[in-house]
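Heads up, run.csv below (CSV, C-alpha atoms):
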```csv
chain,number,residue,atom,x,y,z
A,1,MET,CA,-12.0,-2.4,-2.7
A,2,THR,CA,-11.0,1.0,-4.2
A,3,HIS,CA,-12.0,4.6,-3.7
A,4,HIS,CA,-14.0,6.1,-6.5
A,5,THR,CA,-11.6,8.7,-7.9
A,6,ASP,CA,-10.6,6.9,-11.1
A,7,PHE,CA,-12.3,9.3,-13.5
A,8,ILE,CA,-11.3,12.3,-15.6
A,9,LEU,CA,-13.5,15.4,-15.5
A,10,ILE,CA,-14.0,17.2,-18.7
A,11,ALA,CA,-15.1,20.8,-17.9
A,12,CYS,CA,-15.1,22.3,-21.3
A,13,THR,CA,-17.8,24.2,-23.2
A,14,ASP,CA,-15.8,24.9,-26.4
A,15,PRO,CA,-17.3,22.7,-29.2
A,16,VAL,CA,-13.8,22.1,-30.6
A,17,VAL,CA,-11.8,21.2,-27.5
A,18,SER,CA,-14.4,19.3,-25.6
A,19,PRO,CA,-14.6,16.2,-27.9
A,20,GLU,CA,-10.8,16.3,-28.4
A,21,ALA,CA,-10.2,16.4,-24.6
A,22,ALA,CA,-12.7,13.6,-24.1
A,23,HIS,CA,-11.0,11.4,-26.8
A,24,ALA,CA,-7.6,11.9,-25.1
A,25,ALA,CA,-9.1,11.1,-21.7
A,26,ALA,CA,-10.9,8.0,-23.0
A,27,ALA,CA,-7.6,6.7,-24.3
A,28,THR,CA,-6.3,6.3,-20.8
A,29,ARG,CA,-9.1,3.8,-20.1
A,30,ARG,CA,-10.5,5.8,-17.2
A,31,GLU,CA,-14.1,6.8,-16.9
A,32,VAL,CA,-14.9,10.2,-18.4
A,33,ILE,CA,-17.4,12.6,-16.8
A,34,HIS,CA,-18.5,15.8,-18.5
A,35,ALA,CA,-19.7,18.7,-16.3
A,36,THR,CA,-19.8,22.5,-16.8
A,37,ASP,CA,-22.4,23.7,-14.3
A,38,PRO,CA,-20.6,25.2,-11.3
A,39,ARG,CA,-22.7,23.0,-8.9
A,40,ASP,CA,-21.6,19.8,-10.7
A,41,LEU,CA,-18.0,21.1,-10.8
A,42,SER,CA,-18.1,21.5,-7.0
A,43,ARG,CA,-19.3,17.9,-6.8
A,44,TYR,CA,-16.9,16.2,-9.1
A,45,ALA,CA,-13.7,18.3,-9.3
A,46,PRO,CA,-12.3,17.5,-5.8
A,47,ASP,CA,-12.4,13.7,-6.4
A,48,ALA,CA,-11.4,13.5,-10.1
A,49,SER,CA,-8.0,11.9,-11.0
A,50,ALA,CA,-7.6,14.8,-13.4
A,51,VAL,CA,-9.6,17.8,-14.6
A,52,ILE,CA,-9.5,19.4,-18.1
A,53,VAL,CA,-10.7,23.0,-18.2
A,54,ASP,CA,-11.1,25.7,-20.8
A,55,SER,CA,-11.6,29.5,-20.5
A,56,SER,CA,-15.3,29.2,-19.6
A,57,THR,CA,-14.8,26.9,-16.6
A,58,ALA,CA,-11.3,27.7,-15.3
A,59,ALA,CA,-12.4,30.1,-12.6
A,60,HIS,CA,-15.2,27.7,-11.4
A,61,VAL,CA,-12.8,24.8,-11.0
A,62,ALA,CA,-10.3,27.0,-9.2
A,63,ALA,CA,-13.1,28.0,-6.8
A,64,THR,CA,-13.5,24.3,-5.8
A,65,GLY,CA,-10.2,24.4,-4.1
A,66,ARG,CA,-8.6,21.8,-6.3
A,67,ARG,CA,-4.8,22.3,-6.5
A,68,SER,CA,-3.3,19.6,-8.7
A,69,ARG,CA,-3.7,17.7,-12.0
A,70,ILE,CA,-5.6,20.4,-13.8
A,71,TYR,CA,-5.0,20.9,-17.5
A,72,TYR,CA,-6.0,24.0,-19.5
A,73,VAL,CA,-7.0,23.6,-23.1
A,74,ALA,CA,-7.7,26.1,-25.9
A,75,PRO,CA,-8.8,25.6,-29.5
A,76,GLU,CA,-6.6,26.1,-32.6
A,77,PRO,CA,-5.0,28.3,-33.7
A,78,GLY,CA,-4.6,29.7,-30.1
A,79,PRO,CA,-3.1,31.5,-28.5
A,80,ILE,CA,-3.4,30.1,-25.0
A,81,ASP,CA,-4.7,32.6,-22.4
A,82,TYR,CA,-2.0,31.9,-19.9
A,83,GLU,CA,-3.4,34.3,-17.3
A,84,ALA,CA,-6.6,32.2,-17.2
A,85,ALA,CA,-4.6,29.0,-17.1
A,86,LEU,CA,-2.6,30.3,-14.1
A,87,ARG,CA,-5.8,31.4,-12.3
A,88,SER,CA,-7.2,27.9,-12.7
A,89,ARG,CA,-3.9,26.5,-11.2
A,90,ALA,CA,-3.3,24.4,-14.3
A,91,GLU,CA,-0.1,22.3,-14.4
A,92,GLN,CA,0.1,22.4,-18.2
A,93,ALA,CA,-1.8,24.0,-21.1
A,94,PHE,CA,-2.5,22.6,-24.6
A,95,ILE,CA,-3.9,23.8,-27.9
A,96,LEU,CA,-6.3,21.2,-29.3
A,97,PRO,CA,-6.4,19.3,-31.5
A,98,ALA,CA,-2.8,20.1,-32.4
A,99,GLU,CA,-1.4,19.0,-29.0
A,100,SER,CA,-3.9,16.1,-28.3
A,101,THR,CA,-1.0,13.7,-28.2
A,102,GLN,CA,0.8,15.7,-25.6
A,103,LEU,CA,-2.4,16.0,-23.5
A,104,LEU,CA,-2.8,12.2,-23.7
A,105,GLN,CA,0.9,11.7,-22.6
A,106,ALA,CA,0.3,14.0,-19.6
A,107,LEU,CA,-2.9,12.1,-18.6
A,108,ALA,CA,-1.2,8.8,-19.0
A,109,ALA,CA,1.8,9.9,-16.8
A,110,ASP,CA,-0.7,10.9,-14.2
A,111,SER,CA,-2.4,7.5,-14.4
A,112,THR,CA,0.9,5.7,-13.9
A,113,GLN,CA,1.8,7.9,-10.9
A,114,GLN,CA,-1.6,7.5,-9.3
A,115,THR,CA,-1.5,3.7,-9.8
A,116,SER,CA,1.7,3.5,-7.7
A,117,ASN,CA,0.3,6.0,-5.1
A,118,ALA,CA,-3.3,4.8,-5.0
A,119,ALA,CA,-3.7,4.5,-1.2
A,120,LEU,CA,-6.9,5.8,0.3
A,121,ARG,CA,-6.0,8.6,2.7
A,122,ILE,CA,-8.2,9.2,5.7
A,123,THR,CA,-7.5,11.8,8.3
A,124,VAL,CA,-9.2,11.8,11.7
A,125,VAL,CA,-9.1,15.0,13.8
A,126,GLY,CA,-10.6,15.7,17.2
A,127,ALA,CA,-12.4,19.1,17.5
A,128,SER,CA,-11.6,19.0,21.2
A,129,GLY,CA,-9.7,16.9,23.7
A,130,GLY,CA,-10.9,13.5,24.8
A,131,VAL,CA,-13.4,12.9,22.0
A,132,GLY,CA,-11.7,9.6,21.0
A,133,ALA,CA,-10.2,10.7,17.6
A,134,SER,CA,-7.1,8.5,18.1
A,135,THR,CA,-9.3,5.5,19.0
A,136,LEU,CA,-11.5,6.1,16.0
A,137,ALA,CA,-8.4,6.3,13.7
A,138,ALA,CA,-7.1,3.1,15.1
A,139,ALA,CA,-10.4,1.4,14.7
A,140,ILE,CA,-10.5,2.4,11.0
A,141,ALA,CA,-7.1,1.0,10.4
A,142,ARG,CA,-7.9,-2.2,12.2
A,143,THR,CA,-11.1,-2.6,10.2
A,144,VAL,CA,-9.1,-2.3,7.0
A,145,CYS,CA,-6.8,-5.2,8.1
A,146,THR,CA,-9.8,-7.4,9.0
A,147,GLU,CA,-10.7,-7.2,5.3
A,148,GLN,CA,-7.2,-8.6,4.4
A,149,ALA,CA,-6.0,-5.2,3.2
A,150,SER,CA,-2.9,-3.2,4.3
A,151,ALA,CA,-3.1,-0.1,6.5
A,152,LEU,CA,-0.7,2.4,8.0
A,153,LEU,CA,-1.7,4.3,11.1
A,154,VAL,CA,0.2,7.6,11.3
A,155,ASP,CA,0.5,9.6,14.5
A,156,ALA,CA,0.7,13.2,13.2
A,157,ILE,CA,0.2,14.9,16.6
A,158,PRO,CA,3.5,16.6,17.6
A,159,ILE,CA,3.1,16.1,21.3
A,160,SER,CA,1.5,12.7,21.7
A,161,GLY,CA,1.5,9.8,24.1
A,162,GLY,CA,2.1,7.6,21.1
A,163,LEU,CA,-0.3,5.5,19.0
A,164,ASP,CA,2.0,2.5,19.7
A,165,LEU,CA,0.7,2.6,23.3
A,166,LEU,CA,-2.9,2.7,22.0
A,167,MET,CA,-2.2,-0.3,19.8
A,168,GLY,CA,-0.3,-2.3,22.5
A,169,LEU,CA,3.0,-1.9,20.7
A,170,GLU,CA,4.9,0.1,23.2
A,171,SER,CA,7.5,-2.6,23.7
A,172,ALA,CA,7.6,-3.8,20.0
A,173,PRO,CA,10.8,-3.2,18.1
A,174,GLY,CA,10.7,-0.8,15.1
A,175,ALA,CA,11.1,2.8,14.2
A,176,ARG,CA,9.3,5.8,15.6
A,177,TRP,CA,9.1,9.3,14.2
A,178,PRO,CA,12.5,10.4,15.5
A,179,ASP,CA,14.1,7.3,13.9
A,180,VAL,CA,12.7,8.0,10.4
A,181,SER,CA,15.2,10.0,8.4
A,182,LEU,CA,13.4,11.7,5.5
A,183,GLY,CA,16.3,13.6,4.1
A,184,THR,CA,15.7,15.1,0.7
A,185,GLY,CA,15.5,11.9,-1.5
A,186,ALA,CA,12.7,9.5,-2.2
A,187,ILE,CA,11.4,7.2,0.6
A,188,ASP,CA,10.9,3.6,-0.3
A,189,ALA,CA,7.4,2.5,0.9
A,190,VAL,CA,8.4,-1.2,1.2
A,191,ASP,CA,11.5,-0.3,3.3
A,192,LEU,CA,9.3,1.9,5.4
A,193,ALA,CA,6.8,-0.8,6.1
A,194,GLY,CA,9.5,-3.2,7.1
A,195,ALA,CA,11.0,-0.7,9.6
A,196,LEU,CA,7.9,0.1,11.5
A,197,PRO,CA,6.1,-2.0,14.2
A,198,SER,CA,2.9,-3.7,13.4
A,199,THR,CA,0.1,-5.5,15.2
A,200,GLN,CA,-0.6,-9.2,14.9
A,201,ASP,CA,-3.5,-8.4,12.6
A,202,GLY,CA,-1.4,-6.3,10.3
A,203,VAL,CA,-1.8,-2.7,11.3
A,204,THR,CA,1.5,-0.9,10.7
A,205,VAL,CA,2.1,2.1,13.0
A,206,LEU,CA,4.2,5.2,12.7
A,207,SER,CA,4.1,6.6,16.2
A,208,SER,CA,5.6,9.4,18.3
A,209,ALA,CA,8.3,8.3,20.7
A,210,ARG,CA,8.3,8.9,24.5
A,211,THR,CA,11.3,10.4,26.3
A,212,ARG,CA,12.0,12.0,29.7
A,213,VAL,CA,14.5,14.4,28.3
A,214,ASP,CA,14.2,17.3,25.8
A,215,THR,CA,15.3,16.3,22.4
A,216,PRO,CA,15.9,18.3,19.2
A,217,PHE,CA,13.3,16.4,17.2
A,218,ARG,CA,10.2,18.3,16.3
A,219,LEU,CA,7.5,16.8,14.1
A,220,GLU,CA,6.9,19.2,11.3
A,221,ASN,CA,3.9,19.3,8.9
A,222,GLU,CA,6.1,19.0,5.9
A,223,ALA,CA,7.5,15.7,7.2
A,224,VAL,CA,4.0,14.3,7.7
A,225,GLU,CA,3.0,15.4,4.1
A,226,ARG,CA,6.1,13.8,2.7
A,227,MET,CA,5.6,10.6,4.6
A,228,ILE,CA,2.0,10.3,3.4
A,229,ALA,CA,3.0,10.8,-0.2
A,230,ALA,CA,5.7,8.1,0.1
A,231,ALA,CA,3.7,5.6,2.1
A,232,ALA,CA,0.8,5.8,-0.3
A,233,GLY,CA,2.8,3.5,-2.7
A,234,GLY,CA,3.1,0.7,-0.1
A,235,PHE,CA,-0.3,0.5,1.6
A,236,GLU,CA,-3.9,0.4,0.5
A,237,VAL,CA,-5.2,2.7,3.2
A,238,LEU,CA,-3.4,5.4,5.3
A,239,VAL,CA,-5.1,6.6,8.4
A,240,VAL,CA,-3.7,9.8,9.9
A,241,ASP,CA,-4.4,11.0,13.5
A,242,ALA,CA,-3.9,14.7,13.1
A,243,PRO,CA,-4.4,17.9,15.1
A,244,PRO,CA,-6.8,20.6,13.8
A,245,ALA,CA,-4.0,23.0,12.9
A,246,ALA,CA,-2.1,20.5,10.7
A,247,ILE,CA,-4.6,18.5,8.6
A,248,PRO,CA,-2.7,17.0,5.7
A,249,HIS,CA,-3.7,18.5,2.3
A,250,ALA,CA,-3.5,15.0,0.7
A,251,SER,CA,-6.5,13.7,2.6
A,252,ASP,CA,-9.2,12.0,0.6
A,253,LEU,CA,-11.6,12.3,3.5
A,254,VAL,CA,-11.3,14.2,6.8
A,255,VAL,CA,-13.3,12.9,9.7
A,256,VAL,CA,-13.9,15.6,12.3
A,257,VAL,CA,-14.8,14.0,15.7
A,258,CYS,CA,-17.1,16.4,17.6
A,259,ALA,CA,-18.5,15.9,21.0
A,260,ALA,CA,-22.2,16.7,21.3
A,261,GLU,CA,-21.4,19.8,23.3
A,262,VAL,CA,-21.3,23.5,22.7
A,263,ARG,CA,-17.6,24.2,22.8
A,264,SER,CA,-16.7,21.2,20.7
A,265,SER,CA,-19.3,22.1,18.1
A,266,ALA,CA,-17.9,25.7,18.0
A,267,ALA,CA,-14.4,24.3,17.2
A,268,THR,CA,-15.9,21.9,14.7
A,269,THR,CA,-17.5,24.8,12.9
A,270,GLU,CA,-14.1,26.5,12.4
A,271,ILE,CA,-12.5,23.2,11.1
A,272,CYS,CA,-15.4,22.6,8.7
A,273,ALA,CA,-15.1,26.1,7.3
A,274,GLU,CA,-11.4,25.7,6.6
A,275,LEU,CA,-11.9,22.3,5.0
A,276,LYS,CA,-14.7,23.7,2.8
A,277,ALA,CA,-12.5,26.7,1.7
A,278,ARG,CA,-9.7,24.4,0.5
A,279,GLY,CA,-12.1,21.9,-1.2
A,280,THR,CA,-11.4,18.9,1.1
A,281,LYS,CA,-14.1,16.3,1.5
A,282,PHE,CA,-15.1,15.9,5.1
A,283,VAL,CA,-17.7,14.4,7.4
A,284,VAL,CA,-18.5,14.9,11.1
A,285,ALA,CA,-18.4,12.0,13.6
A,286,LEU,CA,-20.6,12.9,16.6
A,287,ARG,CA,-19.3,11.6,19.9
A,288,HIS,CA,-21.7,11.1,22.8
A,289,ARG,CA,-19.9,11.3,26.1
A,290,GLY,CA,-21.2,11.4,29.7
A,291,TRP,CA,-23.8,14.0,28.8
A,292,SER,CA,-24.9,15.1,25.3
A,293,GLY,CA,-26.4,18.6,25.0
A,294,LEU,CA,-26.8,18.7,21.2
A,295,SER,CA,-28.5,16.4,18.7
A,296,SER,CA,-27.0,15.4,15.3
A,297,ARG,CA,-29.5,17.8,13.6
A,298,GLU,CA,-28.3,20.7,15.8
A,299,ILE,CA,-24.7,19.9,15.1
A,300,GLU,CA,-25.3,19.9,11.4
A,301,ARG,CA,-27.1,23.2,11.6
A,302,ILE,CA,-24.3,24.8,13.7
A,303,THR,CA,-21.3,23.4,11.8
A,304,HIS,CA,-22.7,23.1,8.3
A,305,GLY,CA,-21.2,19.7,8.1
A,306,GLU,CA,-22.8,16.3,7.5
A,307,VAL,CA,-22.9,14.0,10.6
A,308,ALA,CA,-22.0,10.7,9.0
A,309,VAL,CA,-21.9,8.6,12.2
A,310,GLU,CA,-22.7,8.9,15.9
A,311,ILE,CA,-20.4,7.3,18.4
A,312,PRO,CA,-22.0,6.1,21.6
A,313,HIS,CA,-20.3,5.7,24.9
A,314,LEU,CA,-18.6,2.3,24.7
A,315,LYS,CA,-18.6,0.8,28.1
A,316,ASN,CA,-15.3,-1.0,29.1
A,317,LEU,CA,-13.4,0.1,26.0
A,318,THR,CA,-11.4,2.8,27.8
A,319,LYS,CA,-10.3,0.3,30.6
A,320,ALA,CA,-9.5,-2.5,28.1
A,321,THR,CA,-7.4,-0.1,26.0
A,322,GLU,CA,-5.6,1.3,29.0
A,323,VAL,CA,-4.7,-2.2,30.3
A,324,ALA,CA,-3.7,-4.0,27.1
A,325,GLY,CA,-4.2,-1.7,24.1
A,326,MET,CA,-7.1,-1.6,21.7
A,327,PRO,CA,-8.8,-5.0,21.5
A,328,ALA,CA,-8.0,-7.1,18.4
A,329,SER,CA,-11.7,-7.7,18.2
A,330,LEU,CA,-13.4,-4.3,18.1
A,331,PRO,CA,-16.8,-3.7,19.8
A,332,LYS,CA,-19.5,-4.3,17.2
A,333,LYS,CA,-20.7,-0.7,17.3
A,334,LEU,CA,-17.2,0.7,16.8
A,335,ALA,CA,-16.5,-1.7,14.0
A,336,ALA,CA,-19.7,-0.8,12.2
A,337,ILE,CA,-18.8,2.9,12.6
A,338,ALA,CA,-15.4,2.4,11.1
A,339,SER,CA,-16.9,0.5,8.2
A,340,GLU,CA,-19.4,3.3,7.5
A,341,LEU,CA,-16.5,5.9,7.4
A,342,LEU,CA,-14.5,3.7,5.1
A,343,TYR,CA,-17.5,3.6,2.8
A,344,ALA,CA,-17.9,7.3,3.0
A,345,ALA,CA,-14.3,7.7,1.9
A,346,GLY,CA,-15.0,5.4,-1.1
A,347,TRP,CA,-13.5,2.2,0.2
```

What would the structure in this file look like if it were written as structure tokens?
Amino acid sequence: MTHHTDFILIACTDPVVSPEAAHAAAATRREVIHATDPRDLSRYAPDASAVIVDSSTAAHVAATGRRSRIYYVAPEPGPIDYEAALRSRAEQAFILPAESTQLLQALAADSTQQTSNAALRITVVGASGGVGASTLAAAIARTVCTEQASALLVDAIPISGGLDLLMGLESAPGARWPDVSLGTGAIDAVDLAGALPSTQDGVTVLSSARTRVDTPFRLENEAVERMIAAAAGGFEVLVVDAPPAAIPHASDLVVVVCAAEVRSSAATTEICAELKARGTKFVVALRHRGWSGLSSREIERITHGEVAVEIPHLKNLTKATEVAGMPASLPKKLAAIASELLYAAGW
């Protein structure tokens, strides 16, 4: 299964550059989608593998929050409006049709890079404490592995009890965050996978470590971002358990876990607003605890976010996880929820 981002968006109104750009895009053998209406650009731009813009659409694409693989094109004889290109956050600019070959080469290079880094990246974040974000992240990773695919579960919370505990791997050999030396060079995804502990059903886990003494190690956002970029070449799905203040920018989908309560919904509203501003796709997972004061409709009205799933209280799961780690066989309701979220992410 793959997530549906293997298309190139042509956002050009110029009658000269639009067909030339489409021809170059089609040569990469990826799907080509044309859109110039701002509403359609908001829909397609965040998920496209690459976006080609001209002077008429550059500002609209920039407003979607997209930050990478944007190409600005202008008709012969030029010149290129480099101020407009910079405003659109374009990586390169081309005059068409004179530089159609160079545009094709740039798109082809992108295609090669994305093929080697094609993991689906899902981030799960709890809007408040105790909503079960870590449990949901683990369930998503476990569901991937039940479908004979590879998954890496990343603990991105600086002060954490450790996802290895949640997965029953606290005594398993393998590297934890303090053992992973990122340095400044490239990280080999295969070597990384071999160094980390994994469950019997195949969930590889990069977890925080536990210690009784103060150590110099601090988990920084940059390290998490670099790890995600590197690991994407060795796994089919990456699931990141992250705090609200450090949601990875490389996320294909962010799942915001919100309790059906006032304070949690207030925090969710802030998180959703930030994700919207940066153009990141997100959904809300509504968690029902001992007492739920708000319905899914009320949560959507308050947060302006889509409630994709509702998580009921799962009797006995907390005790089972506390005693022996997350069960290898997930409760049916939790497994179904994890599958729904994978589908929402494009899996």

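In this model, the gap between atom CA of Ile80 of chain A and atom CA of Arg39 of chain A comes to 26.1 Å.
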
> Ala345 of chain A: which residues within 7 Å, counting all atoms listed in the file, same-chain residues fewer than 2 positions away excluded, as a count of residues only?
Replying inline: 7

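Closest to Pro327 of chain A among A:Leu294, A:Ala344, A:Ala26, A:Ala138 is A:Ala138, based on all atoms listed in the file.
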
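Counting from atom CA of Glu31 of chain A, the distance to atom CA of Lys281 of chain A is 20.7 Å.
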
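Between atom CA of Arg297 of chain A and atom CA of Pro38 of chain A the interatomic distance comes to 27.5 Å.
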
Do a neighbour search on Val154 of chain A at 7 Å with only C-alpha atoms, toss out local chain neighbours closer than 5 positions, and write the hits as a PDB file with C-alpha atoms, keeping the file's coordinate frame.
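out.pdb, written as the output of this step:
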```
ATOM      1  CA  VAL A 205       2.100   2.100  13.000  1.00  0.00           C
ATOM      2  CA  LEU A 206       4.200   5.200  12.700  1.00  0.00           C
ATOM      3  CA  SER A 207       4.100   6.600  16.200  1.00  0.00           C
ATOM      4  CA  VAL A 239      -5.100   6.600   8.400  1.00  0.00           C
ATOM      5  CA  VAL A 240      -3.700   9.800   9.900  1.00  0.00           C
ATOM      6  CA  ASP A 241      -4.400  11.000  13.500  1.00  0.00           C
TER       7      ASP A 241
END
```

Just want the 9 Å neighbourhood of Ile10 of chain A, counted on only C-alpha atoms, with same-chain residues fewer than 4 positions away dropped. Output as a PDB file with C-alpha atoms, in the coordinates of the input.
```pdb
ATOM      1  CA  SER A  18     -14.400  19.300 -25.600  1.00  0.00           C
ATOM      2  CA  ALA A  21     -10.200  16.400 -24.600  1.00  0.00           C
ATOM      3  CA  ALA A  22     -12.700  13.600 -24.100  1.00  0.00           C
ATOM      4  CA  ALA A  25      -9.100  11.100 -21.700  1.00  0.00           C
ATOM      5  CA  VAL A  32     -14.900  10.200 -18.400  1.00  0.00           C
ATOM      6  CA  ILE A  33     -17.400  12.600 -16.800  1.00  0.00           C
ATOM      7  CA  HIS A  34     -18.500  15.800 -18.500  1.00  0.00           C
ATOM      8  CA  ALA A  35     -19.700  18.700 -16.300  1.00  0.00           C
ATOM      9  CA  THR A  36     -19.800  22.500 -16.800  1.00  0.00           C
ATOM     10  CA  ALA A  50      -7.600  14.800 -13.400  1.00  0.00           C
ATOM     11  CA  VAL A  51      -9.600  17.800 -14.600  1.00  0.00           C
ATOM     12  CA  ILE A  52      -9.500  19.400 -18.100  1.00  0.00           C
ATOM     13  CA  VAL A  53     -10.700  23.000 -18.200  1.00  0.00           C
TER      14      VAL A  53
END
```

>> Could you list, as JSON, numbers by chain, every residue within 9 Å of segment 81-84 of chain A, counting only C-alpha atoms and ignoring same-chain residues fewer than 5 positions away?
In response: {"A": [54, 55, 58, 59, 72, 74, 89, 90, 93]}

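Counting all atoms listed in the file, Pro243 of chain A has the following residues at most 10 Å away, ignoring those fewer than 4 positions along the same chain: Thr123, Val124, Val125, Gly126, Ala127, Ser128, Ala133, Asp155, Ala156, Ile157, Pro158, Ile159, Ile247 and Pro248 of chain A.
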